[in-house]
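Working notes for the structure below.
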Amino acid sequence: MGLLQGATELFPVSSLGHAVLIPSLLHWSFKQSDPSFVPFLVLLHLGTASALLFIYRAQWVDIISGFFTAAVRGRIDKPSERLAMLLLVGTIPAGILGVFLEHELKSLFASPVAAASFLTANGFMMLGFEVLRRRAEKRVAVTAMTRVEQEESFAVAEQISFKAAALVGACQALALLPGISRSGVTIGGGLMAGLRHQEAARFSFLLATPIIAAAGVLEIPQLIASDVPLAEYLAAAVLSGTAAYLSARFLLRYFRSGRLDPYGWYCVGAGIISLALLTFRP
Amino acid sequence: MKRNNTLSVALVVLALVFFVVAGLYAVGVLQFMVSDPSVSHHYTHAILFVVLAVASLIGANFARSKGPA
């Protein structure tokens with residue numbers, strides 16, 4: 001589960017969807033209603049957040065210092081200050097929707113069939129984002145020859161508007177539905193805002209870090225209070241962090257010229273196969 | 001953001017409202033849209049409203065006229 005969570009949290013394939021589907025399909029004795037599940041998930045999320053913080057450690061130092069400088073000065077002078085404010089604006093809609101709707105949405109849609117359906121929908125969304133992106137590429141990059149050159153004609157994260165950052169942030173709330181990928185919808189939202197694929201992934205990972213870390217930190221009291229095998233859970237968190245680190249490294253390299261299509265097709269296939277297995281299995 | 005003192009004042013007022021709402025969630029007076037009404041303190045909601053209050057104050061500082069440069 002640690003490896004699965006770490007890898008799927010950042011790949012645009014929905015970690016929550018996989019966490020609901022795989023134990024159900026493989027008949028693991030692992031239940032989300034189990035009192036030990038939340039502390040377990042908390043540690044896995046903290047592992048993922050630690051990996052993201054490590055990858056972007058230098059940027060986070062600039063972002064945090066830029067945040068305080070711009071907030072006190074009341075003016076944005078540097079790209080890191082603008083990025084800090086974009087992340088604040090992007091985090092607020094997800095925070096509001098997450099705090100008020102998380103419980104209702106999860107209790108409504110936490111069934112494996114719903115997760116498989118949303119995973120299929122997630123796949124079609126990824127493919128839809130790329131269809132729209134290809135149209136945008138035809139409009140702006142007619143003279144570009146290679147994929148890398150095409151990508152370079154789009155923006156970096158620091159250049160997007162605050163309205164676009166808020167919309168990308170609001171997209172994160174869709175990930176409360178099991179099967180919809182947080183990184184998928186935010187990377188897709190970034191593409192719609194005119195970002196390069198790699199920059200959309202970077203903005204998505206930066207945007208995810210405070211939310212994932214805060215969700216984990218807020219559950220720590222429950223973790224301390226619960227009677228769980230902490231050593232095993234910590235080992236799973238280390239695995240989750242390692243998988244997240246390797247996933248992020250891979251994705252940032254992949255998105256220099258790669259697209260969301262393979263992940264879209266994977267989600268469509270995995271969703272449909274899961275639906276069939278859940279419907280027809282004995 | 002255009003410099004606008006009226007907007008700045010409005011954002012400060014909004015920040016104060018958010019701080020009050022955060023306090024009400026923290027002490028358990030407010031039970032609006034909470035996942036478990038049997039729990040008296042809703043710290044997650046309180047933290048959210050503190051963040052919103054801080055964001056409003058930052059917005060107010062951005063909107064405030066700074067005078068001639």
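Here's how to read the names in the structure tokens: chain A, B, ... by the order shown, residue numbers from 1 in each chain, ligand numbers from 1 in the order shown.
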
Residues of chain A within 10 Å of chain B, counting only C-alpha atoms - could you list those as a list in words?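 My answer is Phe67, Phe68, Ala70, Ala71, Val72, Arg73, Gly74, Arg75, Ile76, Met85, Leu88, Val89, Ile92, Gly95, Ile96, Gly98, Val99, Phe100, Leu101, Glu102, His103, Glu104, Ala214, Ala215, Leu218 and Glu219 of chain A.
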
Please report the interatomic distance between atom CA of Phe118 of chain A and atom CA of Gly271 of chain A in Å with one decimal. 7.6 Å

Atomic distance atom CA of Phe250 of chain A - atom CA of Arg196 of chain A, expressed in Å with one decimal: 16.2 Å

To one decimal place, how far is atom CA of Ala115 of chain A from atom CA of Gly179 of chain A in Å?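 Atom CA of Gly179 of chain A lies 4.7 Å from atom CA of Ala115 of chain A.
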
Determine, counting only C-alpha atoms, which protein, DNA and RNA residues have an atom within 12 Å of an atom of Ser111 of chain A; residues of the same chain fewer than 5 positions away are not included. Present the result as a PyMOL selection string. chain A and resi 16-25+31-33+105-106+116-118+177-179+275+278

Would you save the residues from that selection as a short mmCIF file (atom, residue, chain, number, x, y, z; two decimals), in the first residue's frame, using N, CA and C atoms?
```cif
data_model
loop_
_atom_site.label_atom_id
_atom_site.label_comp_id
_atom_site.auth_asym_id
_atom_site.auth_seq_id
_atom_site.Cartn_x
_atom_site.Cartn_y
_atom_site.Cartn_z
N LEU A 16 -6.51 7.75 -4.54
CA LEU A 16 -7.68 7.37 -3.74
C LEU A 16 -8.48 6.29 -4.47
N GLY A 17 -8.61 6.47 -5.78
CA GLY A 17 -9.32 5.47 -6.58
C GLY A 17 -8.65 4.12 -6.49
N HIS A 18 -7.30 4.10 -6.59
CA HIS A 18 -6.57 2.84 -6.50
C HIS A 18 -6.66 2.26 -5.09
N ALA A 19 -6.63 3.16 -4.08
CA ALA A 19 -6.71 2.68 -2.69
C ALA A 19 -8.07 2.05 -2.39
N VAL A 20 -9.10 2.51 -3.11
CA VAL A 20 -10.43 1.90 -2.93
C VAL A 20 -10.55 0.63 -3.76
N LEU A 21 -10.03 0.70 -5.02
CA LEU A 21 -10.26 -0.41 -5.96
C LEU A 21 -9.39 -1.63 -5.69
N ILE A 22 -8.08 -1.41 -5.52
CA ILE A 22 -7.16 -2.56 -5.49
C ILE A 22 -7.43 -3.50 -4.31
N PRO A 23 -7.58 -2.97 -3.08
CA PRO A 23 -7.89 -3.92 -2.00
C PRO A 23 -9.19 -4.68 -2.26
N SER A 24 -10.15 -4.02 -2.89
CA SER A 24 -11.42 -4.69 -3.17
C SER A 24 -11.25 -5.77 -4.24
N LEU A 25 -10.49 -5.46 -5.29
CA LEU A 25 -10.31 -6.43 -6.38
C LEU A 25 -9.43 -7.61 -5.96
N LYS A 31 -9.54 -2.68 5.34
CA LYS A 31 -10.80 -1.95 5.20
C LYS A 31 -10.62 -0.50 5.59
N GLN A 32 -11.25 0.38 4.80
CA GLN A 32 -11.12 1.80 5.09
C GLN A 32 -11.85 2.19 6.36
N SER A 33 -12.81 1.35 6.78
CA SER A 33 -13.53 1.66 8.01
C SER A 33 -12.74 1.22 9.25
N LEU A 105 -18.61 13.93 0.40
CA LEU A 105 -18.27 13.31 -0.88
C LEU A 105 -17.71 11.91 -0.69
N LYS A 106 -16.82 11.76 0.31
CA LYS A 106 -16.20 10.46 0.52
C LYS A 106 -17.23 9.43 0.98
N ALA A 116 -14.36 3.10 -9.70
CA ALA A 116 -14.06 2.64 -11.06
C ALA A 116 -14.70 3.56 -12.09
N SER A 117 -15.92 4.02 -11.82
CA SER A 117 -16.61 4.92 -12.76
C SER A 117 -15.86 6.26 -12.86
N PHE A 118 -15.47 6.80 -11.69
CA PHE A 118 -14.75 8.07 -11.71
C PHE A 118 -13.36 7.92 -12.34
N LEU A 177 -13.31 13.12 -5.07
CA LEU A 177 -14.06 11.98 -5.61
C LEU A 177 -13.06 10.85 -5.89
N PRO A 178 -13.25 9.67 -5.27
CA PRO A 178 -12.31 8.59 -5.50
C PRO A 178 -12.30 8.19 -6.98
N GLY A 179 -11.12 8.23 -7.60
CA GLY A 179 -11.02 7.91 -9.02
C GLY A 179 -10.61 9.12 -9.84
N LEU A 275 -14.66 -2.04 -13.46
CA LEU A 275 -16.13 -2.08 -13.44
C LEU A 275 -16.64 -3.47 -13.84
N LEU A 278 -15.86 -5.96 -11.04
CA LEU A 278 -16.73 -5.74 -9.87
C LEU A 278 -18.17 -6.18 -10.16
#
```

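All residues of protein, DNA or RNA that reach within 8 Å of segment 51-64 of chain A, judged by only C-alpha atoms and not counting those fewer than 3 positions away in the chain, are Gly47, Thr48, Phe67, Phe68, Ser80, Glu81, Leu83, Ala84, Phe205, Leu206, Thr209, Gly241, Thr242, Ala244, Tyr245 and Ala248 of chain A.
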
Write the residues of the preceding selection, restricted to C-alpha atoms, as a PDB file, in the first residue's frame.
```pdb
ATOM      1  CA  GLY A  47       5.844  10.340   3.314  1.00  0.00           C
ATOM      2  CA  THR A  48       4.623  11.763  -0.010  1.00  0.00           C
ATOM      3  CA  PHE A  67       5.540  35.021   0.564  1.00  0.00           C
ATOM      4  CA  PHE A  68       6.463  36.952   3.703  1.00  0.00           C
ATOM      5  CA  SER A  80       9.280  33.662  -6.431  1.00  0.00           C
ATOM      6  CA  GLU A  81       6.994  36.185  -4.685  1.00  0.00           C
ATOM      7  CA  LEU A  83       4.639  32.056  -7.293  1.00  0.00           C
ATOM      8  CA  ALA A  84       4.084  32.215  -3.521  1.00  0.00           C
ATOM      9  CA  PHE A 205       3.217  19.287  -7.166  1.00  0.00           C
ATOM     10  CA  LEU A 206       3.879  22.624  -5.442  1.00  0.00           C
ATOM     11  CA  THR A 209       2.422  19.900  -1.013  1.00  0.00           C
ATOM     12  CA  GLY A 241       8.012   8.732   0.185  1.00  0.00           C
ATOM     13  CA  THR A 242      10.562   6.837  -1.921  1.00  0.00           C
ATOM     14  CA  ALA A 244       6.690   9.546  -4.569  1.00  0.00           C
ATOM     15  CA  TYR A 245      10.237  10.863  -5.008  1.00  0.00           C
ATOM     16  CA  ALA A 248       7.991  12.992  -9.289  1.00  0.00           C
TER      17      ALA A 248
END
```

At a cut-off of 10 Å, using only C-alpha atoms, what residues contact segment 222-235 of chain A? Leave out same-chain residues fewer than 3 positions from it and give the result as a list in words. Gly2, Pro35, Ser36, Phe37, Val38, Pro39, Phe40, Leu41, Val42, Leu43, Leu44, Gly47, Gly216, Val217, Leu218, Glu219, Val238, Leu239, Ser240 and Gly241 of chain A

Enumerate, as a PyMOL selection string, the complete set of residues in segment 79-198 of chain A that a backbone-based DSSP assignment places in helix (DSSP H, G or I). chain A and resi 79-109+112-140+147-152+157-159+162-176+182-192+197-198

As a PyMOL selection string, please: the residues near segment 170-172 of chain A (cut-off 10 Å, only C-alpha atoms, same-chain neighbours under 6 positions excluded). chain A and resi 89-98+164+180-190+204+207-208+211

Within 10 Å of segment 255-265 of chain A using only C-alpha atoms, minus same-chain residues under 6 positions, as an NGL selection string: :A and (11-13 or 119-131 or 133 or 146-152 or 184 or 187-188 or 196-202 or 271)
